[in-house]
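Some notes on the structure that comes next.
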Amino acid sequence: METVKKLSFILILFGIGAVIGSWIVAENISKQIKKREELTPEQVVASFYGKWKNDQNPFSDGFHTFKVDITDNFKSFLIDFSEDFDPVVCSNEFPSNYSLSQAEIEGDSARIFFEGTSHAVVNLKMFNNRWLIDSVVCK
């Protein structure tokens, strides 16, 4: 009988720990989602280009690294892209130096100008209270 009480007590403590642990995880996820929602267009584009520059072959993983930054429409475009240059930087290689302009925001759309060895306009759309890259237009 004493063993059953000890085992019951351990199970109760384990259950309490699981509930508290689940609550902590849920709170952290909620904070991360909220933080993503608060990113400005400039922050989204800077993050995207930083990840794109550091990824040796961004086309290889189905863009899973970038899924929080881009719309499904842009992801489809990148998957189907067959030209012999990088459609994100509009050249064959990522430039050693590049700059991004301040966003021009109109309603739920924004655009940022990318300047490196080439020029592009990065268009963003607001989806579910988050800015996402919807296209890159080479100039």
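Every chain in the structure tokens has a letter given in the order shown (A, B, ...), and although residue numbers restart at 1 in each chain, ligands are simply numbered from 1 in the order shown.
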Mind listing the helix (DSSP H, G or I) residues of range 46-90 of chain A, per DSSP on the backbone, as a ChimeraX atom specification? /A:46-54,64-66,72-80
Give me a file of those residues, with C-alpha atoms, as a PDB file, in the first residue's frame.
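Written output follows (selection_25.pdb):
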ATOM      1  CA  ALA A  46      16.966  42.432 -43.988  1.00  0.00           C
ATOM      2  CA  SER A  47      16.412  39.076 -42.268  1.00  0.00           C
ATOM      3  CA  PHE A  48      15.521  37.398 -45.549  1.00  0.00           C
ATOM      4  CA  TYR A  49      18.555  38.731 -47.422  1.00  0.00           C
ATOM      5  CA  GLY A  50      20.836  37.878 -44.498  1.00  0.00           C
ATOM      6  CA  LYS A  51      19.607  34.281 -44.507  1.00  0.00           C
ATOM      7  CA  TRP A  52      19.774  34.121 -48.318  1.00  0.00           C
ATOM      8  CA  LYS A  53      23.394  35.329 -48.280  1.00  0.00           C
ATOM      9  CA  ASN A  54      24.434  32.803 -45.621  1.00  0.00           C
ATOM     10  CA  HIS A  64      12.005  25.896 -45.524  1.00  0.00           C
ATOM     11  CA  THR A  65      14.566  28.311 -44.038  1.00  0.00           C
ATOM     12  CA  PHE A  66      12.699  31.216 -45.605  1.00  0.00           C
ATOM     13  CA  ASP A  72       3.279  30.971 -51.017  1.00  0.00           C
ATOM     14  CA  ASN A  73       3.058  32.876 -54.292  1.00  0.00           C
ATOM     15  CA  PHE A  74       6.722  33.928 -54.118  1.00  0.00           C
ATOM     16  CA  LYS A  75       7.786  30.460 -52.970  1.00  0.00           C
ATOM     17  CA  SER A  76       6.086  28.974 -56.066  1.00  0.00           C
ATOM     18  CA  PHE A  77       7.856  31.518 -58.264  1.00  0.00           C
ATOM     19  CA  LEU A  78      11.245  30.582 -56.780  1.00  0.00           C
ATOM     20  CA  ILE A  79      10.585  26.856 -57.164  1.00  0.00           C
ATOM     21  CA  ASP A  80       9.623  27.283 -60.824  1.00  0.00           C
TER      22      ASP A  80
END
Å distance separating CA of Val45 in chain A from CA of Asp69 in chain A, one decimal place: 7.8 Å
Need the shell around range 121-123 of chain A: protein/DNA/RNA residues with any atom at most 12 Å away, counting only C-alpha atoms. Skip same-chain ones fewer than 5 positions apart. Format as a PyMOL selection string? chain A and resi 41-42+44-46+48-49+69-71+73-74+87-90+99-106+108-116+131-139
Would you write out those residues with N, CA and C atoms, as a CSV table (one decimal), in the first residue's frame?
chain,number,residue,atom,x,y,z
A,41,PRO,N,8.6,46.0,-42.4
A,41,PRO,CA,9.0,45.5,-43.7
A,41,PRO,C,10.6,45.5,-43.8
A,42,GLU,N,11.2,46.5,-43.3
A,42,GLU,CA,12.7,46.6,-43.4
A,42,GLU,C,13.3,45.4,-42.7
A,44,VAL,N,12.0,42.4,-42.0
A,44,VAL,CA,11.7,41.2,-42.8
A,44,VAL,C,12.6,41.0,-43.9
A,45,VAL,N,12.8,42.1,-44.7
A,45,VAL,CA,13.7,42.0,-45.9
A,45,VAL,C,15.1,41.9,-45.5
A,46,ALA,N,15.6,42.6,-44.5
A,46,ALA,CA,17.0,42.4,-44.0
A,46,ALA,C,17.2,41.0,-43.5
A,48,PHE,N,15.6,38.3,-44.4
A,48,PHE,CA,15.5,37.4,-45.5
A,48,PHE,C,16.8,37.4,-46.3
A,49,TYR,N,17.3,38.6,-46.6
A,49,TYR,CA,18.6,38.7,-47.4
A,49,TYR,C,19.8,38.2,-46.6
A,69,ASP,N,9.3,34.2,-44.1
A,69,ASP,CA,9.5,35.5,-44.7
A,69,ASP,C,8.8,35.8,-46.0
A,70,ILE,N,8.3,34.7,-46.7
A,70,ILE,CA,7.8,34.8,-48.0
A,70,ILE,C,6.4,34.2,-48.2
A,71,THR,N,5.7,34.8,-49.1
A,71,THR,CA,4.3,34.3,-49.4
A,71,THR,C,4.4,32.9,-50.2
A,73,ASN,N,2.9,32.4,-52.9
A,73,ASN,CA,3.1,32.9,-54.3
A,73,ASN,C,4.5,33.1,-54.7
A,74,PHE,N,5.3,33.7,-53.8
A,74,PHE,CA,6.7,33.9,-54.1
A,74,PHE,C,7.5,32.6,-54.0
A,87,PRO,N,17.3,35.0,-58.7
A,87,PRO,CA,16.2,35.9,-58.8
A,87,PRO,C,16.0,36.8,-57.6
A,88,VAL,N,16.7,36.5,-56.5
A,88,VAL,CA,16.5,37.3,-55.3
A,88,VAL,C,17.5,38.5,-55.4
A,89,VAL,N,18.7,38.3,-55.9
A,89,VAL,CA,19.6,39.4,-56.0
A,89,VAL,C,19.8,39.9,-57.5
A,90,CYS,N,19.1,39.3,-58.4
A,90,CYS,CA,19.1,39.6,-59.8
A,90,CYS,C,20.5,39.6,-60.4
A,99,SER,N,22.6,47.4,-50.3
A,99,SER,CA,21.9,48.2,-49.4
A,99,SER,C,20.4,48.1,-49.6
A,100,LEU,N,19.6,48.4,-48.6
A,100,LEU,CA,18.1,48.3,-48.7
A,100,LEU,C,17.6,49.7,-48.3
A,101,SER,N,16.6,50.1,-49.1
A,101,SER,CA,16.0,51.4,-48.8
A,101,SER,C,15.0,51.3,-47.6
A,102,GLN,N,14.5,52.4,-47.2
A,102,GLN,CA,13.4,52.4,-46.2
A,102,GLN,C,12.2,52.0,-47.0
A,103,ALA,N,11.2,51.4,-46.3
A,103,ALA,CA,10.0,50.9,-47.0
A,103,ALA,C,9.1,52.0,-47.4
A,104,GLU,N,8.5,51.9,-48.5
A,104,GLU,CA,7.4,52.7,-48.9
A,104,GLU,C,6.1,51.9,-48.7
A,105,ILE,N,5.3,52.3,-47.7
A,105,ILE,CA,4.1,51.6,-47.3
A,105,ILE,C,2.9,52.2,-47.8
A,106,GLU,N,2.0,51.4,-48.5
A,106,GLU,CA,0.7,51.9,-48.9
A,106,GLU,C,-0.3,50.8,-48.5
A,108,ASP,N,-1.8,47.7,-47.2
A,108,ASP,CA,-1.2,46.4,-46.9
A,108,ASP,C,-0.1,45.9,-47.8
A,109,SER,N,0.5,46.9,-48.6
A,109,SER,CA,1.6,46.7,-49.5
A,109,SER,C,2.8,47.6,-49.1
A,110,ALA,N,3.9,47.0,-49.3
A,110,ALA,CA,5.2,47.8,-49.1
A,110,ALA,C,6.2,47.4,-50.2
A,111,ARG,N,7.1,48.3,-50.4
A,111,ARG,CA,8.2,48.0,-51.3
A,111,ARG,C,9.5,48.6,-50.8
A,112,ILE,N,10.6,47.9,-51.0
A,112,ILE,CA,11.9,48.2,-50.6
A,112,ILE,C,12.8,48.0,-51.8
A,113,PHE,N,13.7,49.0,-52.0
A,113,PHE,CA,14.7,48.9,-53.1
A,113,PHE,C,16.0,48.2,-52.6
A,114,PHE,N,16.4,47.2,-53.4
A,114,PHE,CA,17.6,46.5,-53.1
A,114,PHE,C,18.6,47.0,-54.1
A,115,GLU,N,19.8,47.4,-53.6
A,115,GLU,CA,20.9,47.8,-54.5
A,115,GLU,C,22.2,47.1,-54.2
A,116,GLY,N,22.7,46.3,-55.1
A,116,GLY,CA,24.0,45.6,-55.0
A,116,GLY,C,24.7,45.7,-56.3
A,131,TRP,N,4.3,41.1,-42.3
A,131,TRP,CA,4.8,41.5,-43.6
A,131,TRP,C,5.5,40.3,-44.2
A,132,LEU,N,5.2,39.9,-45.4
A,132,LEU,CA,5.8,38.8,-46.1
A,132,LEU,C,6.3,39.3,-47.5
A,133,ILE,N,7.4,38.8,-48.0
A,133,ILE,CA,7.9,39.1,-49.3
A,133,ILE,C,7.0,38.4,-50.3
A,134,ASP,N,6.5,39.2,-51.2
A,134,ASP,CA,5.6,38.6,-52.3
A,134,ASP,C,6.2,38.5,-53.6
A,135,SER,N,7.2,39.4,-53.9
A,135,SER,CA,8.0,39.3,-55.1
A,135,SER,C,9.2,40.1,-55.1
A,136,VAL,N,10.1,39.8,-56.0
A,136,VAL,CA,11.4,40.6,-56.2
A,136,VAL,C,11.4,40.9,-57.7
A,137,VAL,N,11.4,42.1,-58.1
A,137,VAL,CA,11.4,42.5,-59.5
A,137,VAL,C,12.7,43.1,-59.8
A,138,CYS,N,13.4,42.4,-60.7
A,138,CYS,CA,14.7,42.9,-61.1
A,138,CYS,C,14.6,44.1,-62.1
A,139,LYS,N,15.5,45.1,-61.9
A,139,LYS,CA,15.5,46.3,-62.7
A,139,LYS,C,16.7,46.3,-63.6
CA of Ser91 in chain A to CA of Thr117 in chain A: how many Å, to one decimal?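 Going from CA of Ser91 in chain A over to CA of Thr117 in chain A covers 7.3 Å.
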For CA of Phe81 in chain A and CA of Asn128 in chain A, determine how far apart the two atoms are, in Å to one decimal place. 26.6 Å
